[in-house]
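Undergrad: Next comes structure_39.txt, compact mmCIF, C-alpha atoms:
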# COMPACT_ATOMS: atom_id res chain seq x y z
CA MET A 21 124.59 92.45 52.62
CA THR A 22 123.79 90.23 55.61
CA THR A 23 120.54 88.34 55.29
CA ALA A 24 118.48 87.55 58.35
CA PRO A 25 117.66 83.86 58.88
CA ALA A 26 114.05 82.94 58.33
CA PHE A 27 112.13 82.51 61.61
CA PRO A 28 108.52 82.42 60.30
CA ALA A 29 106.82 82.19 63.69
CA ALA A 30 108.98 84.99 65.02
CA THR A 31 108.37 87.22 62.01
CA ALA A 32 104.60 87.09 62.50
CA LEU A 33 104.99 88.80 65.89
CA TRP A 34 106.53 91.92 64.38
CA PRO A 35 104.16 94.29 62.56
CA ASP A 36 107.18 96.28 61.43
CA ALA A 37 109.28 94.36 58.89
CA ASP A 38 112.42 96.36 59.63
CA ARG A 39 112.14 95.64 63.36
CA ALA A 40 111.56 91.96 62.59
CA GLY A 41 114.69 91.83 60.47
CA ARG A 42 116.81 93.53 63.11
CA PHE A 43 115.53 91.12 65.72
CA GLN A 44 116.24 88.04 63.61
CA LEU A 45 119.81 89.17 62.93
CA TRP A 46 120.33 89.83 66.64
CA LEU A 47 118.81 86.51 67.71
CA ALA A 48 120.60 84.30 65.17
CA PRO A 49 123.97 83.97 66.98
CA LEU A 50 122.19 83.34 70.29
CA VAL A 51 120.24 80.32 69.03
CA ALA A 52 123.07 77.81 69.35
CA THR A 53 124.60 79.42 72.44
CA HIS A 54 121.40 79.17 74.48
CA GLY A 55 119.63 76.32 72.69
CA LEU A 56 116.81 78.58 71.55
CA LEU A 57 113.86 77.36 69.49
CA PRO A 58 112.90 80.45 67.45
CA GLY A 59 109.68 78.90 66.19
CA THR A 60 108.30 78.91 69.73
CA LEU A 61 108.54 82.68 70.17
CA ALA A 62 105.24 84.03 71.49
CA ALA A 63 103.93 87.17 73.15
CA ALA A 64 104.33 87.10 76.95
CA SER A 65 103.23 90.55 78.14
CA SER A 66 103.48 94.26 77.52
CA ASP A 67 103.53 97.31 79.74
CA ALA A 68 102.07 100.79 79.61
CA GLY A 69 104.97 102.08 77.55
CA PHE A 70 106.48 100.82 74.31
CA ARG A 71 108.24 97.85 75.87
CA ARG A 72 106.93 94.35 75.40
CA TYR A 73 108.06 90.88 76.35
CA LEU A 74 108.20 87.64 74.37
CA ARG A 75 108.69 84.09 75.62
CA ILE A 76 110.92 81.62 73.80
CA ALA A 77 111.52 77.93 74.54
CA THR A 78 114.90 76.22 74.70
CA ALA A 79 115.99 72.77 73.63
CA ASP A 80 116.40 71.64 77.25
CA GLY A 81 112.78 72.41 78.14
CA ARG A 82 113.17 75.83 79.73
CA THR A 83 111.78 79.16 78.59
CA LEU A 84 113.48 82.54 78.40
CA ILE A 85 112.19 86.08 77.98
CA VAL A 86 113.01 88.50 75.18
CA MET A 87 112.59 92.19 75.92
CA ASP A 88 111.76 94.42 72.97
CA ASP A 89 112.18 98.12 73.71
CA PRO A 90 111.99 100.00 70.38
CA ALA A 91 111.78 103.49 71.91
CA GLN A 92 114.53 105.95 71.07
CA PRO A 93 116.12 106.44 73.46
CA ASN A 94 115.19 103.20 75.20
CA GLN A 95 115.71 102.26 78.84
CA LEU A 96 117.71 99.10 78.31
CA THR A 97 121.01 100.48 79.56
CA ARG A 98 119.35 101.64 82.76
CA PHE A 99 117.58 98.27 83.07
CA VAL A 100 120.93 96.51 82.93
CA GLU A 101 122.60 98.87 85.42
CA VAL A 102 119.82 98.75 88.01
CA GLY A 103 119.37 95.01 87.56
CA GLN A 104 123.04 94.44 88.35
CA LEU A 105 122.76 96.71 91.38
CA MET A 106 119.68 94.91 92.71
CA ALA A 107 121.19 91.47 92.10
CA GLY A 108 124.26 92.57 94.02
CA CYS A 109 121.96 93.50 96.90
CA GLY A 110 120.63 89.95 97.03
CA LEU A 111 117.33 90.55 95.22
CA HIS A 112 115.87 88.18 92.65
CA VAL A 113 115.81 89.97 89.32
CA PRO A 114 115.95 88.26 85.91
CA ALA A 115 119.45 87.08 85.04
CA LEU A 116 120.55 88.80 81.85
CA LEU A 117 121.94 86.47 79.16
CA ALA A 118 122.44 88.89 76.26
CA HIS A 119 121.48 92.43 75.31
CA ASP A 120 122.04 95.19 72.77
CA ALA A 121 121.15 98.61 74.14
CA ALA A 122 121.44 100.27 70.73
CA LEU A 123 118.86 97.93 69.22
CA GLY A 124 116.72 97.62 72.35
CA PHE A 125 116.76 93.82 72.64
CA ALA A 126 117.56 91.65 75.64
CA LEU A 127 117.44 87.93 76.45
CA MET A 128 116.92 87.06 80.09
CA GLU A 129 115.73 84.58 82.68
CA ASP A 130 112.01 83.78 82.72
CA LEU A 131 110.54 84.33 86.19
CA GLY A 132 107.38 82.48 85.18
CA THR A 133 103.74 83.48 84.91
CA GLY A 134 102.75 83.59 88.59
CA SER A 135 102.42 87.29 89.34
CA TYR A 136 101.64 88.69 92.77
CA ILE A 137 98.59 90.50 91.39
CA ASP A 138 97.03 87.26 90.13
CA ALA A 139 97.77 85.43 93.38
CA LEU A 140 96.40 88.27 95.52
CA LEU A 141 93.24 88.73 93.47
CA GLN A 142 92.59 84.99 93.60
CA ALA A 143 93.07 85.04 97.37
CA GLN A 144 90.53 87.84 97.65
CA ARG A 145 88.04 85.87 95.57
CA ASP A 146 88.62 82.82 97.78
CA GLY A 147 88.33 84.82 101.00
CA ASP A 148 91.80 83.56 101.98
CA MET A 149 94.02 86.04 103.84
CA THR A 150 96.72 83.46 104.64
CA ARG A 151 98.21 83.71 101.16
CA PRO A 152 98.36 87.54 101.05
CA GLN A 153 100.01 87.61 104.48
CA ALA A 154 102.81 85.34 103.27
CA LEU A 155 103.29 87.20 100.00
CA MET A 156 103.31 90.62 101.65
CA ARG A 157 105.79 89.39 104.25
CA ASP A 158 108.16 88.27 101.48
CA ALA A 159 107.68 91.49 99.50
CA THR A 160 108.36 93.60 102.59
CA ALA A 161 111.52 91.63 103.41
CA ALA A 162 112.82 92.11 99.87
CA LEU A 163 112.01 95.82 100.00
CA LEU A 164 113.88 96.28 103.28
CA ARG A 165 116.85 94.40 101.82
CA TRP A 166 116.90 96.79 98.85
CA GLN A 167 116.55 99.89 100.96
CA SER A 168 119.30 98.74 103.35
CA CYS A 169 121.82 97.84 100.64
CA GLU A 170 124.96 99.94 100.99
CA ALA A 171 125.78 99.74 97.27
CA ALA A 172 122.38 101.17 96.35
CA ARG A 173 122.66 103.85 99.05
CA ALA A 174 126.07 105.06 97.85
CA ASP A 175 126.29 108.62 96.55
CA GLY A 176 125.41 108.77 92.87
CA ALA A 177 124.21 105.18 92.62
CA LEU A 178 120.66 106.33 91.91
CA PRO A 179 119.27 109.67 90.70
CA PRO A 180 117.39 111.79 93.26
CA PHE A 181 113.61 111.89 93.50
CA ASP A 182 113.53 115.59 94.37
CA GLU A 183 111.01 118.45 94.33
CA ALA A 184 111.47 119.08 90.61
CA PHE A 185 110.75 115.40 90.00
CA VAL A 186 107.59 115.56 92.12
CA ARG A 187 106.31 118.65 90.36
CA ARG A 188 106.91 117.15 86.89
CA GLU A 189 104.96 114.05 87.83
CA LEU A 190 102.03 116.01 89.26
CA GLN A 191 101.84 118.12 86.12
CA ILE A 192 100.91 114.94 84.23
CA PHE A 193 97.64 114.93 86.20
CA VAL A 194 96.87 118.49 85.13
CA ASP A 195 97.80 118.03 81.49
CA TRP A 196 96.13 114.70 80.86
CA CYS A 197 93.46 114.08 83.49
CA VAL A 198 92.13 117.58 84.08
CA GLN A 199 92.61 119.08 80.63
CA ALA A 200 92.69 116.22 78.11
CA HIS A 201 90.30 113.77 79.83
CA HIS A 202 87.83 116.12 81.54
CA GLY A 203 88.28 119.08 79.17
CA ARG A 204 88.68 121.54 82.04
CA GLN A 205 90.76 124.69 82.30
CA TRP A 206 91.17 125.86 85.89
CA ASP A 207 90.49 129.44 86.86
CA GLU A 208 92.84 131.46 89.05
CA LYS A 209 91.23 130.26 92.29
CA GLN A 210 91.47 126.62 91.26
CA ARG A 211 95.09 127.05 90.18
CA GLY A 212 95.72 128.43 93.65
CA TYR A 213 94.16 125.32 95.19
CA TRP A 214 96.41 123.15 93.04
CA ASP A 215 99.57 125.13 93.83
CA ARG A 216 98.89 124.73 97.56
CA THR A 217 98.38 121.00 97.11
CA VAL A 218 101.58 120.55 95.11
CA THR A 219 103.58 122.52 97.69
CA LEU A 220 102.24 120.33 100.52
CA LEU A 221 102.93 117.09 98.69
CA ALA A 222 106.45 118.15 97.68
CA ALA A 223 107.22 119.20 101.27
CA ASN A 224 105.99 115.82 102.51
CA ILE A 225 108.39 114.04 100.15
CA ALA A 226 111.29 116.29 101.18
CA ALA A 227 110.72 115.68 104.91
CA GLN A 228 111.36 111.93 104.69
CA PRO A 229 114.57 109.90 104.94
CA ARG A 230 115.93 108.90 101.54
CA VAL A 231 116.33 105.27 100.57
CA PRO A 232 116.77 103.31 97.32
CA MET A 233 113.37 103.33 95.65
CA HIS A 234 112.08 100.93 92.99
CA ARG A 235 109.42 103.54 92.05
CA ASP A 236 106.85 100.98 90.87
CA TYR A 237 106.92 98.38 93.62
CA MET A 238 103.45 97.02 93.00
CA PRO A 239 102.02 93.49 92.70
CA ARG A 240 102.09 93.51 88.89
CA ASN A 241 105.89 93.87 89.05
CA LEU A 242 106.42 91.10 91.61
CA MET A 243 106.49 87.43 90.70
CA VAL A 244 105.80 84.39 92.87
CA CYS A 245 108.93 82.25 92.54
CA PRO A 246 110.11 79.06 94.25
CA ALA A 247 111.53 79.73 97.70
CA ASP A 248 114.97 78.41 96.74
CA ALA A 249 115.11 80.83 93.81
CA GLY A 250 114.17 83.83 95.92
CA THR A 251 110.69 85.27 96.10
CA PRO A 252 109.48 87.68 95.01
CA GLY A 253 111.04 87.99 91.61
CA ILE A 254 111.21 91.69 90.80
CA LEU A 255 110.51 93.30 87.41
CA ASP A 256 110.35 96.76 85.81
CA PHE A 257 113.01 98.32 88.02
CA GLN A 258 114.76 100.56 85.48
CA ASP A 259 113.22 103.75 86.92
CA ALA A 260 114.82 103.27 90.36
CA VAL A 261 115.77 106.45 92.22
CA MET A 262 116.83 107.61 95.67
CA GLY A 263 113.63 108.81 97.26
CA PRO A 264 111.26 108.96 100.24
CA ILE A 265 111.10 105.94 102.52
CA THR A 266 107.31 105.56 102.30
CA TYR A 267 107.03 105.50 98.49
CA ASP A 268 107.57 101.81 97.73
CA ILE A 269 105.65 100.40 100.68
CA ALA A 270 102.79 102.77 99.79
CA SER A 271 102.88 101.52 96.19
CA LEU A 272 102.60 97.95 97.46
CA LEU A 273 99.70 98.66 99.80
CA ARG A 274 97.61 100.93 97.57
CA ASP A 275 98.00 99.50 94.13
CA ALA A 276 96.37 100.54 90.89
CA PHE A 277 94.69 97.17 90.41
CA ILE A 278 93.79 95.80 93.85
CA SER A 279 92.52 97.34 97.10
CA TRP A 280 92.55 96.22 100.73
CA GLU A 281 90.66 97.02 103.88
CA GLU A 282 92.47 99.71 105.85
CA ALA A 283 93.01 97.34 108.78
CA GLU A 284 95.07 95.12 106.47
CA GLU A 285 97.01 98.10 105.11
CA LEU A 286 97.79 99.26 108.64
CA ASP A 287 98.93 95.81 109.72
CA TRP A 288 101.37 95.52 106.81
CA ALA A 289 102.53 99.12 107.25
CA VAL A 290 103.28 98.60 110.96
CA ARG A 291 105.31 95.49 110.17
CA TYR A 292 107.28 97.40 107.54
CA TRP A 293 107.79 100.37 109.90
CA GLU A 294 109.14 98.10 112.62
CA GLY A 295 111.50 96.44 110.12
CA ALA A 296 112.70 99.81 108.85
CA ARG A 297 113.37 100.97 112.41
CA GLN A 298 115.38 97.83 113.17
CA ALA A 299 117.36 98.32 109.97
CA GLY A 300 118.15 101.92 110.88
CA LEU A 301 116.56 103.26 107.70
CA PHE A 302 115.08 106.32 109.35
CA GLY A 303 118.47 107.55 110.47
CA PRO A 304 119.00 110.50 112.82
CA ASP A 305 116.83 113.56 113.14
CA PRO A 306 118.12 116.08 110.52
CA ALA A 307 117.51 118.86 113.06
CA ASP A 308 119.93 117.25 115.52
CA PRO A 309 123.53 118.37 114.84
CA SER A 310 124.94 115.55 116.98
CA GLY A 311 123.10 112.87 115.02
CA GLU A 312 122.09 111.14 118.26
CA ASP A 313 118.34 111.76 118.14
CA PRO A 314 116.29 109.42 115.92
CA HIS A 315 114.24 110.78 113.06
CA GLU A 316 110.74 111.74 114.13
CA MET A 317 109.22 109.16 111.78
CA ALA A 318 110.99 106.40 113.72
CA LEU A 319 109.28 107.51 116.92
CA ASP A 320 105.72 107.99 115.74
CA PHE A 321 103.89 105.47 113.56
CA GLY A 322 101.02 107.94 113.21
CA LEU A 323 103.37 110.40 111.53
CA PHE A 324 104.77 107.64 109.34
CA TRP A 325 101.25 106.68 108.25
CA ARG A 326 100.35 110.29 107.48
CA ARG A 327 103.47 110.69 105.35
CA LEU A 328 102.72 107.39 103.62
CA GLU A 329 99.19 108.50 102.76
CA TRP A 330 100.39 111.82 101.38
CA THR A 331 103.16 110.13 99.42
CA VAL A 332 100.81 107.64 97.83
CA LEU A 333 98.44 110.50 97.04
CA GLN A 334 101.16 112.11 94.94
CA ARG A 335 101.69 108.79 93.17
CA GLN A 336 97.99 108.26 92.60
CA LEU A 337 97.53 111.68 91.01
CA LYS A 338 100.46 110.98 88.70
CA ILE A 339 99.05 107.58 87.73
CA MET A 340 95.64 109.11 86.99
CA GLY A 341 97.38 111.44 84.56
CA ILE A 342 99.32 108.57 83.01
CA PHE A 343 96.20 106.44 82.58
CA CYS A 344 94.46 109.34 80.83
CA ARG A 345 97.52 109.90 78.64
CA LEU A 346 97.51 106.23 77.68
CA LYS A 347 93.87 106.56 76.65
CA HIS A 348 93.99 109.86 74.77
CA ARG A 349 97.50 109.82 73.33
CA ASP A 350 98.50 106.17 73.06
CA GLY A 351 95.21 104.47 72.20
CA LYS A 352 95.16 102.25 75.33
CA PRO A 353 91.76 103.07 76.89
CA HIS A 354 91.55 100.09 79.24
CA TYR A 355 93.89 101.69 81.78
CA ALA A 356 91.36 104.48 82.35
CA GLU A 357 88.84 101.87 83.52
CA ASP A 358 90.64 101.93 86.88
CA LEU A 359 90.21 105.68 87.37
CA PRO A 360 87.25 105.21 89.78
CA ARG A 361 89.52 103.38 92.22
CA PHE A 362 91.88 106.34 92.18
CA TYR A 363 89.18 108.93 92.64
CA ALA A 364 88.07 106.97 95.69
CA TYR A 365 91.63 106.82 97.03
CA VAL A 366 92.13 110.55 96.52
CA VAL A 367 88.81 111.54 98.10
CA LYS A 368 89.43 109.25 101.07
CA THR A 369 92.81 110.84 101.78
CA ALA A 370 91.85 114.44 101.05
CA THR A 371 88.80 114.12 103.31
CA ARG A 372 90.92 112.81 106.18
CA TYR A 373 93.38 115.72 106.30
CA VAL A 374 92.11 119.28 106.51
CA GLU A 375 95.26 120.60 104.83
CA LEU A 376 94.23 118.74 101.68
CA SER A 377 90.78 120.32 101.44
CA PRO A 378 91.86 122.43 98.41
CA LEU A 379 92.47 119.20 96.49
CA LEU A 380 89.07 117.90 97.56
CA ARG A 381 87.43 120.99 96.04
CA LEU A 382 89.20 120.31 92.74
CA ILE A 383 88.04 116.68 92.70
CA GLU A 384 84.49 117.79 93.54
CA ASP A 385 84.58 119.91 90.40
CA LEU A 386 85.87 117.05 88.24
CA GLN A 387 83.86 114.14 89.64
CA PRO A 388 81.34 115.29 92.25
CA GLN A 389 79.79 111.84 92.67
CA TYR A 390 82.87 110.58 94.51
CA THR A 391 82.57 113.20 97.23
CA GLN A 392 78.77 113.02 97.57
CA THR A 393 78.22 109.26 97.81
CA GLY A 394 79.97 106.31 99.40
CA PHE A 395 82.28 104.28 97.23
CA SER A 396 83.70 100.79 97.70
CA LEU A 397 87.32 100.33 96.77
CA ARG A 398 86.73 96.65 96.09
Go ahead and render the structure in this file as structure tokens.
TA:
Amino acid sequence: MTTAPAFPAATALWPDADRAGRFQLWLAPLVATHGLLPGTLAAASSDAGFRRYLRIATADGRTLIVMDDPAQPNQLTRFVEVGQLMAGCGLHVPALLAHDAALGFALMEDLGTGSYIDALLQAQRDGDMTRPQALMRDATAALLRWQSCEAARADGALPPFDEAFVRRELQIFVDWCVQAHHGRQWDEKQRGYWDRTVTLLAANIAAQPRVPMHRDYMPRNLMVCPADAGTPGILDFQDAVMGPITYDIASLLRDAFISWEEAEELDWAVRYWEGARQAGLFGPDPADPSGEDPHEMALDFGLFWRRLEWTVLQRQLKIMGIFCRLKHRDGKPHYAEDLPRFYAYVVKTATRYVELSPLLRLIEDLQPQYTQTGFSLR
């Protein structure tokens, strides 16, 4: 029987002895190869799922990241595949040094501790818009590079973000926010309101050009890296799909953990829209058999903005459901503390477009204070 080497500091990080033993056996042959110092292993971060990240020092003064994904099945294989695809497109993702998809362990490059979200929040506190402008410019450039990459756009490279996908995500809001969190069961009229909303949001997604989509392109998943290394560094990309052009830029502008004045959102959105037009991402009008007429979204920023707002609304409803699921199923209540920001987002959008008035009625029933009083997103 193979005995795992003793890494006392590492063992203390694993509440499950079996998982600790598997990790030590996996890490042992990598110690000499990469100059690892197992006694320095420490928690780095975790995400909303089961994955977590550990930081380990090396003999030459660097640090590396260990990913621990114990879920069965885990997403490590997809993480590797998408990471290779993004790296091939010229994006800065963590270089993978070793991995075992069966065990759910990976050793990779450390992109540091300077996240976009921390830098942007600090800039807001300092009243400094110079820093956000630079960071958003870099994030937009990287996003356009990803969306323009021929390898990522190839047939079958990424799974489709289609109507069935949209409807599954929106059902999370019903199951966990409406029913589990608020304890509500909708009557027939309310279910009708919801069905109309889902149909509108799914049609909005379907009407857009398709591009490679990170699916969680938000400041928490972007890292501030040295310019010569490529900034931003990009994380948490394993859920990438082929989906609507507005999804990732909308995720960047209307994030779960930071809000901006609409003038700033519009400025960044216009810059992205112009870049997407220059890159030909909108493509031809699908109603034009000759393929000579440009897509309507390339001609009308107002239409682009409307589709962006409706797309991010779909995402926000899904995230509200996920945050409630994290609280009620997974014992992570702190995510639900950001629900007020999302109610404000949803009410703002649903109030702006008359077609979304059925959704506004549903929110009024769940949280009437957000439709009756003003609310600051900050």
Undergrad: At a cut-off of 9 Å, using only C-alpha atoms, what residues contact A:Ala172? Leave out same-chain residues fewer than 6 positions from it and give the result as a list in words.
TA: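 In the requested format, the answer is Leu105, Met106, Cys109, Trp166, Leu178, Val231, Pro232 and Met262 of chain A.
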Undergrad: Measuring between only C-alpha atoms, which one of A:Ala79, A:Met156, A:Ala48, A:Met87 shows the shortest distance to A:Tyr136?
TA: A:Met156
Undergrad: For A:Glu285, which residue out of A:Leu61, A:Ile269, A:Ala184, A:Ala299 is the nearest one, using all atoms listed in the file?
TA: A:Ile269
Undergrad: Which residue is closest to A:Val332? Choose from A:Tyr292, A:Tyr267, A:Phe302, A:Phe70 and count all atoms listed in the file.
TA: A:Tyr267
Undergrad: Skip A:Val366 itself and residues of its chain fewer than 6 positions away, then list as a PDB file with C-alpha atoms, keeping the file's coordinate frame all residues within 8 Å of it, counting all atoms listed in the file.
TA:
ATOM      1  CA  LEU A 333      98.440 110.500  97.040  1.00  0.00           C
ATOM      2  CA  GLN A 336      97.990 108.260  92.600  1.00  0.00           C
ATOM      3  CA  LEU A 337      97.530 111.680  91.010  1.00  0.00           C
TER       4      LEU A 337
END
Undergrad: Which neighbours of A:Asn241 fall inside 7 Å, counting all atoms listed in the file, when residues of the same chain fewer than 4 positions from it are skipped, and could you give them as a VMD selection string?
TA: chain A and resid 237 254 to 256
Undergrad: List as number ranges by chain the protein and nucleic acid residues near stretch 345-348 of chain A, meaning an atom at most 10 Å away when only C-alpha atoms are counted, but skip any in the same chain fewer than 4 places from it.
TA: A: 68-69, 192-193, 195-197, 200-201, 339-341, 352-357
Undergrad: Which value, in Å to one decimal, gives the distance between atom CA of A:Gly134 and atom CA of A:Val244?
TA: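 It comes out at 5.3 Å.
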Undergrad: Compile the contact shell of A:Pro152 as an MDAnalysis selection string: residues with an atom at most 8 Å away, counting all atoms listed in the file, same-chain residues fewer than 5 positions apart removed.
TA: chainID A and resid 139:140 143
Undergrad: Have a look at A:Leu96, A:Leu301, A:Val218, A:Ile137 and name the one nearest to A:Pro314; count all atoms listed in the file.
TA: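 Of the candidates, the smallest distance to A:Pro314 is held by A:Leu301.
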Undergrad: Around the point (109.6, 114.7, 101.2) in the file's coordinates, collect all residues with an atom within 10 Å, using only C-alpha atoms, and return them as a list of chain:residue names.
TA: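 I get A:Phe181, A:Asp182, A:Glu183, A:Val186, A:Leu220, A:Leu221, A:Ala222, A:Ala223, A:Asn224, A:Ile225, A:Ala226, A:Ala227, A:Gln228, A:Pro229, A:Arg230, A:Gly263, A:Pro264, A:Ile265, A:Thr266, A:Tyr267, A:Arg327, A:Trp330, A:Thr331 for the residues within 10 Å of that point.
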Undergrad: Using all atoms listed in the file, which residue out of A:Met233, A:Ile278, A:Leu57, A:Leu328 lies closest to A:Gln167?
TA: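 Counting all atoms listed in the file, the residue closest to A:Gln167 is A:Met233.
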Undergrad: Should you be able to, write stretch 229-315 of chain A of this structure into a file that contains C-alpha atoms, as a JSON list (two decimals), in the first residue's frame.
TA:
[["chain", "number", "residue", "atom", "x", "y", "z"],
["A", 229, "PRO", "CA", -25.42, 37.39, -33.15],
["A", 230, "ARG", "CA", -23.59, 34.49, -31.52],
["A", 231, "VAL", "CA", -20.05, 34.85, -30.24],
["A", 232, "PRO", "CA", -17.76, 32.95, -27.85],
["A", 233, "MET", "CA", -19.03, 33.76, -24.37],
["A", 234, "HIS", "CA", -17.13, 33.47, -21.08],
["A", 235, "ARG", "CA", -20.49, 33.43, -19.24],
["A", 236, "ASP", "CA", -19.14, 35.02, -16.05],
["A", 237, "TYR", "CA", -17.05, 37.90, -17.35],
["A", 238, "MET", "CA", -17.22, 40.00, -14.22],
["A", 239, "PRO", "CA", -14.61, 41.90, -12.18],
["A", 240, "ARG", "CA", -14.19, 39.10, -9.63],
["A", 241, "ASN", "CA", -12.94, 36.83, -12.43],
["A", 242, "LEU", "CA", -10.49, 39.36, -13.89],
["A", 243, "MET", "CA", -7.05, 39.98, -12.43],
["A", 244, "VAL", "CA", -4.83, 43.04, -12.71],
["A", 245, "CYS", "CA", -1.55, 41.72, -14.12],
["A", 246, "PRO", "CA", 1.64, 43.41, -15.34],
["A", 247, "ALA", "CA", 1.27, 44.81, -18.84],
["A", 248, "ASP", "CA", 4.00, 42.56, -20.23],
["A", 249, "ALA", "CA", 2.18, 39.49, -18.90],
["A", 250, "GLY", "CA", -1.13, 40.49, -20.43],
["A", 251, "THR", "CA", -3.91, 42.16, -18.50],
["A", 252, "PRO", "CA", -6.47, 41.23, -17.50],
["A", 253, "GLY", "CA", -5.75, 37.74, -16.31],
["A", 254, "ILE", "CA", -8.93, 35.72, -16.77],
["A", 255, "LEU", "CA", -10.32, 33.11, -14.36],
["A", 256, "ASP", "CA", -13.34, 30.82, -13.98],
["A", 257, "PHE", "CA", -13.86, 30.27, -17.69],
["A", 258, "GLN", "CA", -14.88, 26.60, -17.70],
["A", 259, "ASP", "CA", -18.55, 27.41, -18.39],
["A", 260, "ALA", "CA", -17.81, 29.11, -21.73],
["A", 261, "VAL", "CA", -20.47, 28.74, -24.43],
["A", 262, "MET", "CA", -21.44, 30.19, -27.80],
["A", 263, "GLY", "CA", -24.03, 32.80, -26.98],
["A", 264, "PRO", "CA", -25.47, 36.30, -27.42],
["A", 265, "ILE", "CA", -23.04, 39.12, -28.14],
["A", 266, "THR", "CA", -24.27, 41.34, -25.30],
["A", 267, "TYR", "CA", -23.94, 38.79, -22.48],
["A", 268, "ASP", "CA", -20.31, 39.24, -21.44],
["A", 269, "ILE", "CA", -20.15, 43.01, -21.80],
["A", 270, "ALA", "CA", -23.39, 43.21, -19.80],
["A", 271, "SER", "CA", -21.85, 41.01, -17.09],
["A", 272, "LEU", "CA", -18.88, 43.37, -16.91],
["A", 273, "LEU", "CA", -20.98, 46.53, -16.70],
["A", 274, "ARG", "CA", -23.67, 45.34, -14.27],
["A", 275, "ASP", "CA", -21.86, 43.14, -11.85],
["A", 276, "ALA", "CA", -23.14, 41.40, -8.75],
["A", 277, "PHE", "CA", -20.75, 43.26, -6.46],
["A", 278, "ILE", "CA", -20.26, 46.76, -7.86],
["A", 279, "SER", "CA", -22.52, 49.31, -9.58],
["A", 280, "TRP", "CA", -21.88, 52.31, -11.82],
["A", 281, "GLU", "CA", -23.73, 55.41, -12.87],
["A", 282, "GLU", "CA", -25.59, 54.80, -16.11],
["A", 283, "ALA", "CA", -23.54, 57.44, -17.93],
["A", 284, "GLU", "CA", -20.44, 55.35, -17.23],
["A", 285, "GLU", "CA", -22.17, 52.15, -18.35],
["A", 286, "LEU", "CA", -23.25, 53.82, -21.58],
["A", 287, "ASP", "CA", -19.77, 55.16, -22.28],
["A", 288, "TRP", "CA", -18.19, 51.72, -21.89],
["A", 289, "ALA", "CA", -20.99, 50.06, -23.85],
["A", 290, "VAL", "CA", -20.59, 52.47, -26.79],
["A", 291, "ARG", "CA", -16.86, 51.82, -26.89],
["A", 292, "TYR", "CA", -17.48, 48.07, -26.90],
["A", 293, "TRP", "CA", -20.19, 48.41, -29.59],
["A", 294, "GLU", "CA", -17.86, 50.37, -31.83],
["A", 295, "GLY", "CA", -15.12, 47.78, -31.35],
["A", 296, "ALA", "CA", -17.51, 44.94, -32.11],
["A", 297, "ARG", "CA", -18.65, 46.69, -35.29],
["A", 298, "GLN", "CA", -15.05, 47.18, -36.44],
["A", 299, "ALA", "CA", -14.33, 43.52, -35.72],
["A", 300, "GLY", "CA", -17.34, 42.41, -37.76],
["A", 301, "LEU", "CA", -18.88, 40.58, -34.80],
["A", 302, "PHE", "CA", -22.44, 41.55, -35.65],
["A", 303, "GLY", "CA", -22.24, 39.90, -39.05],
["A", 304, "PRO", "CA", -24.93, 40.23, -41.73],
["A", 305, "ASP", "CA", -28.63, 40.64, -41.19],
["A", 306, "PRO", "CA", -30.08, 37.09, -40.89],
["A", 307, "ALA", "CA", -33.11, 38.27, -42.88],
["A", 308, "ASP", "CA", -30.90, 39.20, -45.84],
["A", 309, "PRO", "CA", -30.34, 36.17, -48.12],
["A", 310, "SER", "CA", -27.43, 37.89, -49.88],
["A", 311, "GLY", "CA", -25.57, 38.53, -46.62],
["A", 312, "GLU", "CA", -24.78, 42.09, -47.74],
["A", 313, "ASP", "CA", -26.89, 44.00, -45.23],
["A", 314, "PRO", "CA", -25.41, 44.46, -41.74],
["A", 315, "HIS", "CA", -27.20, 43.12, -38.70]]
